[in-house]
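Down below is the structure, laid out as structure tokens.
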Amino acid sequence: MQEPSAYLLACCRQGDTQSFAQLVASVQTYIYNLAYRLLRDEDEAHDLVQDVLLRVWQMLPTFRGESRFTTWLYRLVVNLGLNRLAYVRRRASLGPTDERLAAAATGLAADPQEIHDATELRQMVWREVDALPDKYRLVITLYYQQECSYQEIADILQLPINTVKTHLARARHALASRLANIEGVDDVL
Amino acid sequence: MSCERVRWLLSLDPTGAELAHDAALCAHLDRCDRCRAFARALAAIDSTLAARPLAEPRPDLAPAVLAAIQQRPRATIGQPFPRPFLVLAATLTLFALVSGALLLHVSATAWPPSAGPAELWLNPSWPASASAWLSVEAEHAAEAILPIVIGLVITVVAAAAGFRVSDRHEAAGQPARPRR
């Protein structure tokens, strides 16, 4: 996600709703995907994004710019998302996921067989990602999907950078171990 | 180099750049099928996750947010405490400082209270006189200092409360520490 311009943020801080609409348009896809990956439920992810954007509107005047806006925003998503996740888990067990993301991915390959293989592999990988503990899933999503650096992830999750590296390595290790052990996966790899 | 060590090193380096020149690791990969399968799985994971397909949120999300913000009050900058309270605190502080200064001025008495310096030293009872003068001055000083201290305490409490409210506003953007 690109850092919004200082001018746009200043206009939003002043209460300009048109600028805020621009800001929403530029960030909503990214934070929705992070929210969806965290909560693994479309409706919950929408509610979370709406909640986050409302908070952004309310809290922007007090945003002191000590961190990047995107880091602040991601931190908001992660913190509110973890709170919501705890609530969701208490309320009910999570259902199967990933049809929408898999559907979004199918356009990447041209050949129908490739599409099938790519989709199958993607579904397989994301299913395994979904099975990871929250902290690993978050790091994987921030690193790969949101293209955050180690330092940015450390800032967002408020963890030491070496912990982030270890989390990512453990997550990749776990994913590769599971994937390498899945029967028939060699046909797809 | 053990298989577990090789797999951990491979997991640590998502770009693969640091390991490309590791001769021991490459030699291990050349002769170990299972580690090669692991490396292949890692490469597939990296490319799959890096393709990062982004699902679009529902089209009604942005309009719903923009409609909702019209009804939400916004946080204010620098004035988390009510303005009348700040004015009252400033007035009290000013009053305390002025009245303290006046009391100090009024209560100031010359040394020695009743006799000149030469007489004092010649007076055999001067320690008692000095002691009495000191106790009177201490009372006057206490009268003068008390309003100043009260005014300062009110100001400090108001400032601390203001900062605390301000911090709470800021912290609302970071509601809870993520679980590790």
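Residues are named by chain letter and number: chains run A, B, ... in the order of the structure tokens, numbers start at 1 in each chain, and ligands are numbered from 1 in the order shown.
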Counting only C-alpha atoms, which residues in chain A sit no more than 6 Å from chain B? For each one, give the nearest pair of atoms and the distance in Å, sorted by chain then residue number, as CSV.
```
residue,atom,partner,partner_atom,distance
A:Thr29,CA,B:Glu56,CA,5.7
A:Gln50,CA,B:Val65,CA,6.0
A:Gln58,CA,B:Arg74,CA,4.3
A:Met59,CA,B:Ala75,CA,5.7
A:Pro61,CA,B:Ile77,CA,5.8
A:Thr62,CA,B:Ile77,CA,5.8
A:Leu76,CA,B:Gln174,CA,5.8
A:Asn79,CA,B:Ala176,CA,5.7
A:Leu101,CA,B:Ala55,CA,5.4
A:Ala104,CA,B:Ala55,CA,5.9
A:Ala105,CA,B:Pro53,CA,5.2
A:Arg122,CA,B:Thr48,CA,5.9
A:Tyr144,CA,B:Ala50,CA,5.1
A:Gln145,CA,B:Arg52,CA,4.8
A:Ala169,CA,B:Leu12,CA,4.6
A:Arg172,CA,B:Ser11,CA,5.6
A:His173,CA,B:Ser11,CA,5.3
A:Ala176,CA,B:Ala41,CA,5.2
A:Ala180,CA,B:Phe38,CA,5.8
```
Legend entry - region 37-46 of chain A environment, 7 Å, only C-alpha atoms, sequence neighbours closer than 2 positions dropped, as a ChimeraX atom specification: /A:32-35,48-50,81,85,97,138
Could you write out that same residue set with N, CA and C atoms as a short mmCIF file (atom, residue, chain, number, x, y, z; two decimals), in the first residue's frame?
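Writing the result to selection19.cif gives the following:
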```
data_model
loop_
_atom_site.label_atom_id
_atom_site.label_comp_id
_atom_site.auth_asym_id
_atom_site.auth_seq_id
_atom_site.Cartn_x
_atom_site.Cartn_y
_atom_site.Cartn_z
N TYR A 32 -8.92 -4.43 3.56
CA TYR A 32 -9.94 -5.48 3.51
C TYR A 32 -9.27 -6.86 3.41
N ASN A 33 -8.25 -6.96 2.56
CA ASN A 33 -7.57 -8.25 2.39
C ASN A 33 -6.85 -8.68 3.66
N LEU A 34 -6.26 -7.72 4.34
CA LEU A 34 -5.61 -8.06 5.62
C LEU A 34 -6.67 -8.50 6.64
N ALA A 35 -7.76 -7.76 6.67
CA ALA A 35 -8.84 -8.10 7.61
C ALA A 35 -9.42 -9.48 7.28
N LEU A 48 -15.11 -5.10 10.06
CA LEU A 48 -13.85 -4.62 10.64
C LEU A 48 -13.31 -3.43 9.85
N VAL A 49 -13.34 -3.54 8.53
CA VAL A 49 -12.83 -2.44 7.69
C VAL A 49 -13.64 -1.17 7.93
N GLN A 50 -14.95 -1.34 8.03
CA GLN A 50 -15.82 -0.18 8.28
C GLN A 50 -15.47 0.46 9.64
N GLY A 81 -8.66 -6.11 14.71
CA GLY A 81 -8.93 -7.44 14.15
C GLY A 81 -8.71 -8.54 15.16
N LEU A 85 -11.41 -11.01 16.43
CA LEU A 85 -11.18 -12.45 16.24
C LEU A 85 -11.48 -13.22 17.54
N THR A 97 -13.10 -21.15 3.86
CA THR A 97 -12.80 -19.82 3.32
C THR A 97 -12.24 -19.87 1.89
N LEU A 138 -0.44 -13.60 10.42
CA LEU A 138 -0.33 -12.15 10.26
C LEU A 138 0.97 -11.76 9.58
#
```
Inset, instruction - May I ask which of the residues B:Pro59, B:Ala17, B:Cys3, B:Thr91 is the closest one to Val24 (chain A), counting only C-alpha atoms? - result: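 Checking each candidate against Val24 (chain A), we get B:Pro59 as the closest.
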Legend entry - 10 Å contact set for Tyr136 (chain A), only C-alpha atoms, chain neighbours under 6 positions out, as a PyMOL selection string: (chain A and resi 129-130+142+164+166-172+174) or (chain B and resi 180)
Filtering to C-alpha atoms, could you give me those residues as a short mmCIF file (atom, residue, chain, number, x, y, z; two decimals), in the first residue's frame?
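Saved to out_8.cif:
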```cif
data_model
loop_
_atom_site.label_atom_id
_atom_site.label_comp_id
_atom_site.auth_asym_id
_atom_site.auth_seq_id
_atom_site.Cartn_x
_atom_site.Cartn_y
_atom_site.Cartn_z
CA VAL A 129 -1.72 -20.39 5.79
CA ASP A 130 -5.19 -20.25 7.34
CA LEU A 142 1.87 -8.61 5.88
CA VAL A 164 9.45 -10.99 13.00
CA THR A 166 11.83 -15.84 13.25
CA HIS A 167 8.03 -15.83 12.93
CA LEU A 168 8.31 -15.63 9.16
CA ALA A 169 10.90 -18.41 9.03
CA ARG A 170 8.81 -20.66 11.28
CA ALA A 171 5.72 -19.98 9.23
CA ARG A 172 7.54 -20.78 5.97
CA ALA A 174 5.69 -25.09 8.71
CA ARG B 180 2.29 -12.95 20.73
#
```
Legend entry - d(CA of Pro160 (chain A), CA of Val77 (chain A)) in Å: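 Atom-to-atom, CA of Pro160 (chain A) to CA of Val77 (chain A), that is 19.3 Å.
Closest approach to Tyr74 (chain A) among A:Ile31, A:Leu54, A:Cys12, A:Leu132 is made by A:Ile31 (distances from only C-alpha atoms).
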Inset, instruction - Determine, counting only C-alpha atoms, which protein, DNA and RNA residues have an atom within 9 Å of an atom of Thr155 (chain B); residues of the same chain fewer than 3 positions away are not included. Present the result as a list in words. - result: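 Near Thr155 (chain B), the qualifying residues are Leu86, Ala89, Ala90, Leu92, Thr93, Ile150, Gly151, Leu152, Ala158, Ala159 and Ala160 of chain B.
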Inset, instruction - Find the residues near Asp155 (chain A): any atom within 12 Å, counting only C-alpha atoms, skip ones fewer than 3 places away on the same chain, and give them as a list in words. - result: Glu66, Ser67, Arg68, Phe69, Thr70, Thr71, Trp72, Leu73, Tyr74, Arg75, Leu76, Val78, Val139, Leu142, Cys148, Ser149, Tyr150, Gln151, Glu152, Gln158, Leu159, Pro160, Ile161, Thr163 and Val164 of chain A; Gln174, Arg177 and Pro178 of chain B
Legend entry - Pairwise distance for CA of Val136 (chain B) and CA of Ala96 (chain B), rounded to one decimal in Å: 21.4 Å
